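Asks: Sending over run24.cif (mmCIF, N, CA and C atoms).
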data_input
#
loop_
_atom_site.label_atom_id
_atom_site.label_comp_id
_atom_site.auth_asym_id
_atom_site.auth_seq_id
_atom_site.Cartn_x
_atom_site.Cartn_y
_atom_site.Cartn_z
N MET A 1 74.81 87.17 128.13
CA MET A 1 76.11 87.38 127.54
C MET A 1 77.16 87.52 128.66
N SER A 2 78.30 86.90 128.46
CA SER A 2 79.36 86.91 129.46
C SER A 2 80.08 88.25 129.51
N ASN A 3 80.53 88.61 130.72
CA ASN A 3 81.33 89.81 130.93
C ASN A 3 82.79 89.39 131.09
N LEU A 4 83.70 90.21 130.55
CA LEU A 4 85.12 89.98 130.72
C LEU A 4 85.59 90.81 131.90
N LEU A 5 86.06 90.13 132.96
CA LEU A 5 86.52 90.80 134.18
C LEU A 5 87.93 90.36 134.52
N GLU A 6 88.52 91.06 135.49
CA GLU A 6 89.88 90.76 135.93
C GLU A 6 89.93 90.76 137.45
N LYS A 7 90.72 89.85 138.02
CA LYS A 7 90.87 89.80 139.47
C LYS A 7 92.32 89.45 139.78
N THR A 8 92.87 90.06 140.83
CA THR A 8 94.23 89.80 141.27
C THR A 8 94.22 89.34 142.72
N GLY A 9 95.03 88.34 143.01
CA GLY A 9 95.14 87.84 144.38
C GLY A 9 96.09 86.66 144.43
N LYS A 10 96.20 86.08 145.61
CA LYS A 10 97.04 84.90 145.79
C LYS A 10 96.15 83.66 145.77
N ILE A 11 96.68 82.59 145.25
CA ILE A 11 95.91 81.35 145.10
C ILE A 11 95.75 80.67 146.46
N VAL A 12 94.51 80.41 146.82
CA VAL A 12 94.23 79.68 148.06
C VAL A 12 93.69 78.28 147.77
N PHE A 13 93.40 78.00 146.51
CA PHE A 13 92.88 76.69 146.11
C PHE A 13 93.27 76.45 144.66
N LEU A 14 93.85 75.26 144.41
CA LEU A 14 94.23 74.88 143.04
C LEU A 14 93.90 73.41 142.86
N ARG A 15 93.14 73.12 141.81
CA ARG A 15 92.67 71.74 141.62
C ARG A 15 92.71 71.38 140.14
N ALA A 16 93.08 70.13 139.88
CA ALA A 16 92.98 69.55 138.54
C ALA A 16 92.19 68.25 138.70
N HIS A 17 91.22 68.03 137.82
CA HIS A 17 90.41 66.82 137.95
C HIS A 17 90.07 66.25 136.57
N ASP A 18 89.47 65.08 136.60
CA ASP A 18 89.14 64.35 135.36
C ASP A 18 88.12 65.09 134.51
N LEU A 19 88.23 64.84 133.22
CA LEU A 19 87.29 65.35 132.23
C LEU A 19 85.87 64.92 132.60
N GLY A 20 84.96 65.89 132.54
CA GLY A 20 83.54 65.57 132.77
C GLY A 20 83.09 65.64 134.22
N THR A 21 84.00 65.89 135.17
CA THR A 21 83.57 65.94 136.57
C THR A 21 83.07 67.32 136.98
N ALA A 22 83.41 68.36 136.26
CA ALA A 22 82.93 69.73 136.46
C ALA A 22 83.23 70.26 137.86
N TYR A 23 82.89 71.54 138.07
CA TYR A 23 83.10 72.19 139.36
C TYR A 23 81.96 73.16 139.63
N GLY A 24 81.47 73.17 140.86
CA GLY A 24 80.44 74.11 141.28
C GLY A 24 79.06 73.49 141.36
N PRO A 25 78.12 74.24 141.92
CA PRO A 25 76.74 73.76 142.04
C PRO A 25 76.08 73.70 140.66
N PRO A 26 75.00 72.94 140.54
CA PRO A 26 74.36 72.77 139.23
C PRO A 26 73.97 74.08 138.52
N ASN A 27 73.61 75.11 139.25
CA ASN A 27 73.20 76.36 138.61
C ASN A 27 74.38 77.32 138.34
N ASP A 28 75.63 76.91 138.69
CA ASP A 28 76.80 77.76 138.48
C ASP A 28 78.03 76.87 138.24
N GLN A 29 77.84 75.89 137.39
CA GLN A 29 78.86 74.86 137.17
C GLN A 29 79.81 75.23 136.04
N LEU A 30 81.09 74.90 136.26
CA LEU A 30 82.12 75.10 135.24
C LEU A 30 82.48 73.76 134.62
N ASP A 31 82.45 73.68 133.31
CA ASP A 31 82.85 72.47 132.58
C ASP A 31 84.35 72.61 132.28
N VAL A 32 85.16 72.42 133.31
CA VAL A 32 86.60 72.63 133.22
C VAL A 32 87.34 71.50 133.94
N GLU A 33 88.66 71.43 133.71
CA GLU A 33 89.49 70.44 134.39
C GLU A 33 90.49 71.08 135.36
N ALA A 34 90.70 72.38 135.26
CA ALA A 34 91.59 73.11 136.17
C ALA A 34 90.77 74.20 136.86
N VAL A 35 90.88 74.28 138.19
CA VAL A 35 90.10 75.24 138.97
C VAL A 35 91.02 75.92 139.98
N PHE A 36 90.83 77.24 140.17
CA PHE A 36 91.58 77.94 141.20
C PHE A 36 90.70 79.00 141.85
N ILE A 37 91.05 79.34 143.08
CA ILE A 37 90.35 80.39 143.83
C ILE A 37 91.41 81.36 144.33
N LEU A 38 91.13 82.65 144.21
CA LEU A 38 92.04 83.70 144.69
C LEU A 38 91.53 84.26 146.01
N ASN A 39 92.44 84.81 146.80
CA ASN A 39 92.06 85.39 148.09
C ASN A 39 91.51 86.81 147.96
N ALA A 40 91.21 87.25 146.77
CA ALA A 40 90.69 88.60 146.53
C ALA A 40 89.25 88.71 147.03
N ILE A 41 88.80 89.94 147.13
CA ILE A 41 87.43 90.20 147.59
C ILE A 41 86.44 89.54 146.64
N GLY A 42 85.43 88.93 147.21
CA GLY A 42 84.39 88.28 146.40
C GLY A 42 84.54 86.77 146.39
N ASP A 43 83.43 86.11 146.19
CA ASP A 43 83.41 84.66 146.14
C ASP A 43 83.65 84.20 144.72
N GLY A 44 83.79 82.91 144.57
CA GLY A 44 83.85 82.35 143.23
C GLY A 44 85.16 81.70 142.91
N ALA A 45 85.06 80.84 141.93
CA ALA A 45 86.23 80.10 141.44
C ALA A 45 86.36 80.38 139.95
N TYR A 46 87.53 80.08 139.43
CA TYR A 46 87.82 80.30 138.02
C TYR A 46 88.44 79.03 137.49
N GLY A 47 88.18 78.72 136.25
CA GLY A 47 88.72 77.48 135.71
C GLY A 47 88.87 77.55 134.21
N PHE A 48 89.51 76.51 133.69
CA PHE A 48 89.68 76.40 132.24
C PHE A 48 89.85 74.93 131.89
N GLN A 49 89.60 74.63 130.64
CA GLN A 49 89.68 73.25 130.16
C GLN A 49 91.12 72.88 129.84
N LEU A 50 91.43 71.62 130.08
CA LEU A 50 92.74 71.04 129.71
C LEU A 50 92.48 69.90 128.74
N ARG A 51 91.91 70.22 127.62
CA ARG A 51 91.52 69.20 126.63
C ARG A 51 92.52 69.13 125.50
N ASN A 52 92.55 68.00 124.83
CA ASN A 52 93.49 67.78 123.73
C ASN A 52 92.98 68.47 122.46
N ASP A 53 93.16 69.79 122.43
CA ASP A 53 92.73 70.59 121.28
C ASP A 53 93.80 71.65 120.99
N ASN A 54 93.48 72.61 120.13
CA ASN A 54 94.46 73.65 119.77
C ASN A 54 94.85 74.54 120.95
N ASN A 55 94.01 74.61 121.98
CA ASN A 55 94.29 75.46 123.14
C ASN A 55 95.13 74.77 124.21
N LEU A 56 95.40 73.49 124.07
CA LEU A 56 96.09 72.74 125.11
C LEU A 56 97.45 73.34 125.50
N PRO A 57 98.33 73.71 124.58
CA PRO A 57 99.63 74.27 125.00
C PRO A 57 99.49 75.54 125.86
N ALA A 58 98.60 76.43 125.47
CA ALA A 58 98.39 77.66 126.24
C ALA A 58 97.79 77.34 127.61
N ARG A 59 96.87 76.41 127.66
CA ARG A 59 96.22 76.05 128.93
C ARG A 59 97.20 75.33 129.86
N GLN A 60 98.08 74.50 129.29
CA GLN A 60 99.10 73.87 130.11
C GLN A 60 100.05 74.92 130.70
N ALA A 61 100.38 75.93 129.90
CA ALA A 61 101.22 77.02 130.39
C ALA A 61 100.50 77.80 131.50
N MET A 62 99.20 78.02 131.34
CA MET A 62 98.42 78.71 132.37
C MET A 62 98.45 77.91 133.67
N PHE A 63 98.26 76.60 133.57
CA PHE A 63 98.27 75.76 134.78
C PHE A 63 99.65 75.77 135.42
N SER A 64 100.69 75.75 134.61
CA SER A 64 102.06 75.80 135.13
C SER A 64 102.31 77.11 135.89
N LEU A 65 101.84 78.22 135.33
CA LEU A 65 101.96 79.51 136.02
C LEU A 65 101.21 79.49 137.35
N LEU A 66 100.01 78.93 137.35
CA LEU A 66 99.23 78.86 138.59
C LEU A 66 99.94 78.01 139.64
N ARG A 67 100.50 76.90 139.21
CA ARG A 67 101.22 76.02 140.14
C ARG A 67 102.44 76.75 140.73
N ASP A 68 103.19 77.45 139.88
CA ASP A 68 104.35 78.21 140.36
C ASP A 68 103.91 79.29 141.36
N ALA A 69 102.82 79.96 141.06
CA ALA A 69 102.32 81.01 141.95
C ALA A 69 101.88 80.42 143.28
N PHE A 70 101.25 79.26 143.25
CA PHE A 70 100.79 78.61 144.47
C PHE A 70 101.98 78.20 145.34
N VAL A 71 102.96 77.56 144.73
CA VAL A 71 104.14 77.09 145.46
C VAL A 71 104.95 78.25 146.04
N ASN A 72 105.09 79.34 145.28
CA ASN A 72 105.93 80.46 145.69
C ASN A 72 105.16 81.63 146.29
N ASN A 73 103.87 81.45 146.52
CA ASN A 73 103.02 82.47 147.14
C ASN A 73 103.07 83.80 146.38
N LEU A 74 102.98 83.72 145.07
CA LEU A 74 103.00 84.92 144.22
C LEU A 74 101.58 85.35 143.88
N SER A 75 101.42 86.61 143.58
CA SER A 75 100.11 87.12 143.16
C SER A 75 99.84 86.75 141.71
N VAL A 76 98.57 86.51 141.42
CA VAL A 76 98.12 86.14 140.09
C VAL A 76 97.06 87.14 139.65
N THR A 77 97.13 87.53 138.39
CA THR A 77 96.05 88.32 137.79
C THR A 77 95.38 87.42 136.75
N ALA A 78 94.07 87.27 136.90
CA ALA A 78 93.30 86.40 136.00
C ALA A 78 92.25 87.23 135.28
N ASP A 79 92.19 87.07 133.96
CA ASP A 79 91.09 87.62 133.16
C ASP A 79 90.12 86.47 132.95
N TYR A 80 88.84 86.72 133.17
CA TYR A 80 87.87 85.63 133.08
C TYR A 80 86.53 86.12 132.53
N LEU A 81 85.83 85.18 131.93
CA LEU A 81 84.48 85.42 131.43
C LEU A 81 83.49 84.88 132.45
N ILE A 82 82.47 85.69 132.76
CA ILE A 82 81.48 85.25 133.75
C ILE A 82 80.10 85.77 133.35
N ASP A 83 79.12 84.93 133.50
CA ASP A 83 77.74 85.31 133.19
C ASP A 83 77.17 86.12 134.36
N PRO A 84 76.31 87.11 134.08
CA PRO A 84 75.70 87.90 135.15
C PRO A 84 74.97 86.99 136.15
N GLY A 85 75.14 87.30 137.44
CA GLY A 85 74.47 86.53 138.48
C GLY A 85 75.22 85.28 138.92
N ARG A 86 76.34 84.99 138.31
CA ARG A 86 77.11 83.80 138.68
C ARG A 86 78.36 84.19 139.46
N LYS A 87 78.90 83.21 140.20
CA LYS A 87 80.12 83.43 140.98
C LYS A 87 81.34 82.80 140.33
N ASN A 88 81.13 81.77 139.53
CA ASN A 88 82.24 81.03 138.91
C ASN A 88 82.41 81.46 137.46
N GLY A 89 83.67 81.64 137.05
CA GLY A 89 83.94 82.09 135.69
C GLY A 89 85.01 81.28 135.00
N THR A 90 85.12 81.45 133.69
CA THR A 90 86.10 80.73 132.88
C THR A 90 87.30 81.64 132.62
N ALA A 91 88.45 81.23 133.13
CA ALA A 91 89.68 82.01 132.96
C ALA A 91 90.17 81.90 131.52
N ILE A 92 90.56 83.04 130.96
CA ILE A 92 91.11 83.03 129.60
C ILE A 92 92.57 83.46 129.56
N ARG A 93 93.03 84.12 130.64
CA ARG A 93 94.43 84.54 130.75
C ARG A 93 94.83 84.55 132.21
N VAL A 94 96.08 84.19 132.49
CA VAL A 94 96.64 84.36 133.83
C VAL A 94 98.04 84.96 133.70
N ALA A 95 98.39 85.78 134.68
CA ALA A 95 99.71 86.40 134.71
C ALA A 95 100.20 86.42 136.15
N LEU A 96 101.50 86.24 136.33
CA LEU A 96 102.10 86.32 137.67
C LEU A 96 102.62 87.72 137.89
N THR A 97 102.48 88.19 139.11
CA THR A 97 103.04 89.48 139.49
C THR A 97 103.76 89.31 140.81
N ARG A 98 104.82 90.09 140.99
CA ARG A 98 105.50 90.08 142.28
C ARG A 98 105.54 91.50 142.79
N SER A 99 105.71 91.64 144.09
CA SER A 99 105.69 92.98 144.67
C SER A 99 106.87 93.78 144.15
N GLN A 100 106.71 95.08 144.13
CA GLN A 100 107.73 95.98 143.61
C GLN A 100 108.61 96.54 144.72
N VAL A 101 108.77 95.80 145.81
CA VAL A 101 109.57 96.25 146.95
C VAL A 101 111.04 96.28 146.54
N ILE A 102 111.69 97.40 146.82
CA ILE A 102 113.11 97.54 146.50
C ILE A 102 113.90 97.13 147.72
N SER A 103 114.87 96.27 147.53
CA SER A 103 115.70 95.80 148.63
C SER A 103 116.65 96.90 149.07
N THR A 104 116.72 97.12 150.38
CA THR A 104 117.64 98.11 150.92
C THR A 104 118.85 97.44 151.55
N HIS A 105 118.96 96.13 151.40
CA HIS A 105 120.09 95.40 151.96
C HIS A 105 121.35 95.72 151.17
N ILE A 106 122.38 96.19 151.87
CA ILE A 106 123.67 96.46 151.24
C ILE A 106 124.68 95.53 151.88
N PRO A 107 125.34 94.71 151.10
CA PRO A 107 126.29 93.77 151.69
C PRO A 107 127.43 94.52 152.37
N ALA A 108 127.86 94.00 153.53
CA ALA A 108 128.97 94.61 154.27
C ALA A 108 130.28 94.41 153.54
N LEU A 109 131.12 95.42 153.60
CA LEU A 109 132.44 95.33 152.98
C LEU A 109 133.40 94.65 153.95
N GLY A 110 134.43 94.04 153.41
CA GLY A 110 135.47 93.45 154.25
C GLY A 110 135.19 92.04 154.70
N LYS A 111 134.12 91.45 154.27
CA LYS A 111 133.83 90.07 154.67
C LYS A 111 134.51 89.11 153.71
N VAL A 112 135.00 88.01 154.28
CA VAL A 112 135.57 86.96 153.45
C VAL A 112 134.50 85.91 153.22
N ALA A 113 134.82 84.90 152.44
CA ALA A 113 133.82 83.92 152.02
C ALA A 113 133.10 83.26 153.19
N ARG A 114 133.78 83.05 154.33
CA ARG A 114 133.15 82.38 155.46
C ARG A 114 132.33 83.34 156.32
N GLY A 115 132.30 84.61 155.98
CA GLY A 115 131.49 85.55 156.72
C GLY A 115 132.21 86.16 157.92
N THR A 116 133.53 86.03 158.01
CA THR A 116 134.26 86.63 159.12
C THR A 116 134.98 87.89 158.65
N VAL A 117 135.20 88.80 159.57
CA VAL A 117 135.91 90.03 159.26
C VAL A 117 137.30 89.92 159.86
N ARG A 118 138.31 90.17 159.07
CA ARG A 118 139.69 90.10 159.55
C ARG A 118 140.22 91.52 159.73
N PRO A 119 141.01 91.72 160.80
CA PRO A 119 141.57 93.06 161.01
C PRO A 119 142.63 93.38 159.98
N ALA A 120 142.76 94.66 159.72
CA ALA A 120 143.80 95.11 158.80
C ALA A 120 145.15 94.98 159.50
N PRO A 121 146.24 94.78 158.75
CA PRO A 121 147.56 94.71 159.39
C PRO A 121 147.83 95.98 160.19
N GLY A 122 148.29 95.79 161.44
CA GLY A 122 148.61 96.92 162.31
C GLY A 122 147.39 97.54 162.97
N ALA A 123 146.22 96.91 162.84
CA ALA A 123 145.01 97.47 163.42
C ALA A 123 145.09 97.42 164.94
N VAL A 124 144.52 98.40 165.58
CA VAL A 124 144.52 98.48 167.04
C VAL A 124 143.10 98.26 167.52
N ALA A 125 142.95 97.38 168.51
CA ALA A 125 141.63 97.10 169.07
C ALA A 125 141.15 98.31 169.87
N LYS A 126 139.87 98.40 170.18
CA LYS A 126 139.31 99.53 170.92
C LYS A 126 139.93 99.67 172.30
N SER A 127 140.41 98.58 172.88
CA SER A 127 141.00 98.63 174.21
C SER A 127 142.39 99.25 174.19
N GLY A 128 142.89 99.51 173.00
CA GLY A 128 144.21 100.11 172.87
C GLY A 128 145.28 99.08 172.55
N GLY A 129 144.99 97.81 172.77
CA GLY A 129 145.94 96.74 172.45
C GLY A 129 145.84 96.38 171.00
N ARG A 130 146.78 95.57 170.57
CA ARG A 130 146.76 95.12 169.19
C ARG A 130 145.63 94.14 168.97
N ALA A 131 145.03 94.19 167.82
CA ALA A 131 144.00 93.22 167.46
C ALA A 131 144.66 91.87 167.23
N LYS A 132 143.95 90.82 167.58
CA LYS A 132 144.48 89.47 167.42
C LYS A 132 144.83 89.23 165.96
N GLY A 133 146.06 88.78 165.73
CA GLY A 133 146.50 88.48 164.39
C GLY A 133 147.07 89.69 163.66
N ALA A 134 147.05 90.88 164.28
CA ALA A 134 147.57 92.07 163.62
C ALA A 134 149.08 92.09 163.72
N ALA A 135 149.75 92.65 162.76
CA ALA A 135 151.21 92.72 162.75
C ALA A 135 151.68 93.69 163.82
N ALA A 136 152.84 93.39 164.43
CA ALA A 136 153.41 94.24 165.46
C ALA A 136 153.99 95.50 164.83
N LYS A 137 153.94 96.62 165.59
CA LYS A 137 154.54 97.86 165.13
C LYS A 137 156.05 97.74 165.22
N PRO A 138 156.76 98.25 164.23
CA PRO A 138 158.23 98.22 164.35
C PRO A 138 158.67 99.16 165.47
N LYS A 139 159.74 98.74 166.20
CA LYS A 139 160.26 99.55 167.31
C LYS A 139 161.02 100.74 166.71
N PRO A 140 160.88 101.91 167.34
CA PRO A 140 161.61 103.06 166.83
C PRO A 140 163.11 102.89 167.01
N ARG A 141 163.92 103.39 166.09
CA ARG A 141 165.38 103.30 166.18
C ARG A 141 165.91 104.43 167.03
N LYS A 142 166.99 104.13 167.70
CA LYS A 142 167.64 105.17 168.52
C LYS A 142 168.44 106.09 167.61
N ALA A 143 168.41 107.35 167.93
CA ALA A 143 169.17 108.32 167.15
C ALA A 143 170.65 108.21 167.49
N ARG A 144 171.59 108.39 166.58
CA ARG A 144 173.03 108.30 166.83
C ARG A 144 173.65 109.60 166.92
#
Taking this structure as input, can you express it in the form of structure tokens?

Replies:
Amino acid sequence: MSNLLEKTGKIVFLRAHDLGTAYGPPNDQLDVEAVFILNAIGDGAYGFQLRNDNNLPARQAMFSLLRDAFVNNLSVTADYLIDPGRKNGTAIRVALTRSQVISTHIPALGKVARGTVRPAPGAVAKSGGRAKGAAAKPKPRKAR
């Protein structure tokens, strides 16, 4: 009797092949058309059929998710059925996951569209002189 297990990792191998070509050695063969391997601990491959039946839309969606994960280096969680003593299993569900890292990047204030910072009118450079492009200070008036 098959066990239902789950594994998470990044895809290191993704293959689609013709009906009837199978995958794996004769004593651990998968009768599937889509095969993938994750970089998680343990050996083995996982696969599913892409046949013209009631499951085809769901299986096409599964393959599309796997392809997106492979291209974008995303983690995949796969639920699969596997017989005791075997390394290869039949995937029944796949899900994409991304890391939960929170971005600490805060955009700088005062930048214009081209990425340059312009001085405020009347700004003084650190050297004590006027900043390039800054407006001149008005001259003080003499008292009468």

Asks: Point out the residue among A:Phe36, A:Pro84, A:Ser75, A:Tyr23 with the least atom-to-atom distance to Thr8 in chain A, counting only N, CA and C atoms.

Replies: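 Smallest separation from Thr8 in chain A among the options: A:Ser75.
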
Asks: For each of A:Ala91, A:Ala22, A:Ile11, A:Ala143, take the minimum atom-to-atom distance to Asn73 in chain A, counting only C-alpha atoms, then give the residue where this is smallest.

Replies: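 Nearest to Asn73 in chain A: A:Ile11.
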
Asks: Do a neighbour search on Gly89 in chain A at 12 Å with only C-alpha atoms, toss out local chain neighbours closer than 5 positions, and write the hits as an MDAnalysis selection string.

Replies: chainID A and resid 2:7 23:24 28:32 34:37 43:49 78:84

Asks: Could you pull out the strand (DSSP E or B) residues of range 31-114 of chain A, going by DSSP on the backbone, and write them as a CSV table (one decimal) with N, CA and C atoms, in the frame of the given file?

Replies:
chain,number,residue,atom,x,y,z
A,34,ALA,N,90.7,72.4,135.3
A,34,ALA,CA,91.6,73.1,136.2
A,34,ALA,C,90.8,74.2,136.9
A,35,VAL,N,90.9,74.3,138.2
A,35,VAL,CA,90.1,75.2,139.0
A,35,VAL,C,91.0,75.9,140.0
A,36,PHE,N,90.8,77.2,140.2
A,36,PHE,CA,91.6,77.9,141.2
A,36,PHE,C,90.7,79.0,141.8
A,37,ILE,N,91.0,79.3,143.1
A,37,ILE,CA,90.4,80.4,143.8
A,37,ILE,C,91.4,81.4,144.3
A,38,LEU,N,91.1,82.6,144.2
A,38,LEU,CA,92.0,83.7,144.7
A,38,LEU,C,91.5,84.3,146.0
A,46,TYR,N,87.5,80.1,139.4
A,46,TYR,CA,87.8,80.3,138.0
A,46,TYR,C,88.4,79.0,137.5
A,47,GLY,N,88.2,78.7,136.2
A,47,GLY,CA,88.7,77.5,135.7
A,47,GLY,C,88.9,77.6,134.2
A,48,PHE,N,89.5,76.5,133.7
A,48,PHE,CA,89.7,76.4,132.2
A,48,PHE,C,89.8,74.9,131.9
A,75,SER,N,101.4,86.6,143.6
A,75,SER,CA,100.1,87.1,143.2
A,75,SER,C,99.8,86.8,141.7
A,76,VAL,N,98.6,86.5,141.4
A,76,VAL,CA,98.1,86.1,140.1
A,76,VAL,C,97.1,87.1,139.6
A,77,THR,N,97.1,87.5,138.4
A,77,THR,CA,96.0,88.3,137.8
A,77,THR,C,95.4,87.4,136.8
A,78,ALA,N,94.1,87.3,136.9
A,78,ALA,CA,93.3,86.4,136.0
A,78,ALA,C,92.2,87.2,135.3
A,79,ASP,N,92.2,87.1,134.0
A,79,ASP,CA,91.1,87.6,133.2
A,79,ASP,C,90.1,86.5,133.0
A,80,TYR,N,88.8,86.7,133.2
A,80,TYR,CA,87.9,85.6,133.1
A,80,TYR,C,86.5,86.1,132.5
A,81,LEU,N,85.8,85.2,131.9
A,81,LEU,CA,84.5,85.4,131.4
A,81,LEU,C,83.5,84.9,132.4
A,82,ILE,N,82.5,85.7,132.8
A,82,ILE,CA,81.5,85.2,133.8
A,82,ILE,C,80.1,85.8,133.4
A,89,GLY,N,83.7,81.6,137.0
A,89,GLY,CA,83.9,82.1,135.7
A,89,GLY,C,85.0,81.3,135.0
A,90,THR,N,85.1,81.4,133.7
A,90,THR,CA,86.1,80.7,132.9
A,90,THR,C,87.3,81.6,132.6
A,91,ALA,N,88.4,81.2,133.1
A,91,ALA,CA,89.7,82.0,133.0
A,91,ALA,C,90.2,81.9,131.5
A,92,ILE,N,90.6,83.0,131.0
A,92,ILE,CA,91.1,83.0,129.6
A,92,ILE,C,92.6,83.5,129.6
A,93,ARG,N,93.0,84.1,130.6
A,93,ARG,CA,94.4,84.5,130.8
A,93,ARG,C,94.8,84.6,132.2
A,94,VAL,N,96.1,84.2,132.5
A,94,VAL,CA,96.6,84.4,133.8
A,94,VAL,C,98.0,85.0,133.7
A,95,ALA,N,98.4,85.8,134.7
A,95,ALA,CA,99.7,86.4,134.7
A,95,ALA,C,100.2,86.4,136.2
A,96,LEU,N,101.5,86.2,136.3
A,96,LEU,CA,102.1,86.3,137.7
A,96,LEU,C,102.6,87.7,137.9
A,97,THR,N,102.5,88.2,139.1
A,97,THR,CA,103.0,89.5,139.5
A,97,THR,C,103.8,89.3,140.8
A,111,LYS,N,134.1,91.4,154.3
A,111,LYS,CA,133.8,90.1,154.7
A,111,LYS,C,134.5,89.1,153.7

Asks: Given 5 Å on each side, where is the centre and what are the edge lengths in Å to one decimal of the axis-aligned box enclosing the listed atoms of range 68-79 of chain A, as JSON?

Replies:
{"center_x": 98.0, "center_y": 82.7, "center_z": 140.0, "size_x": 25.8, "size_y": 21.2, "size_z": 24.2}
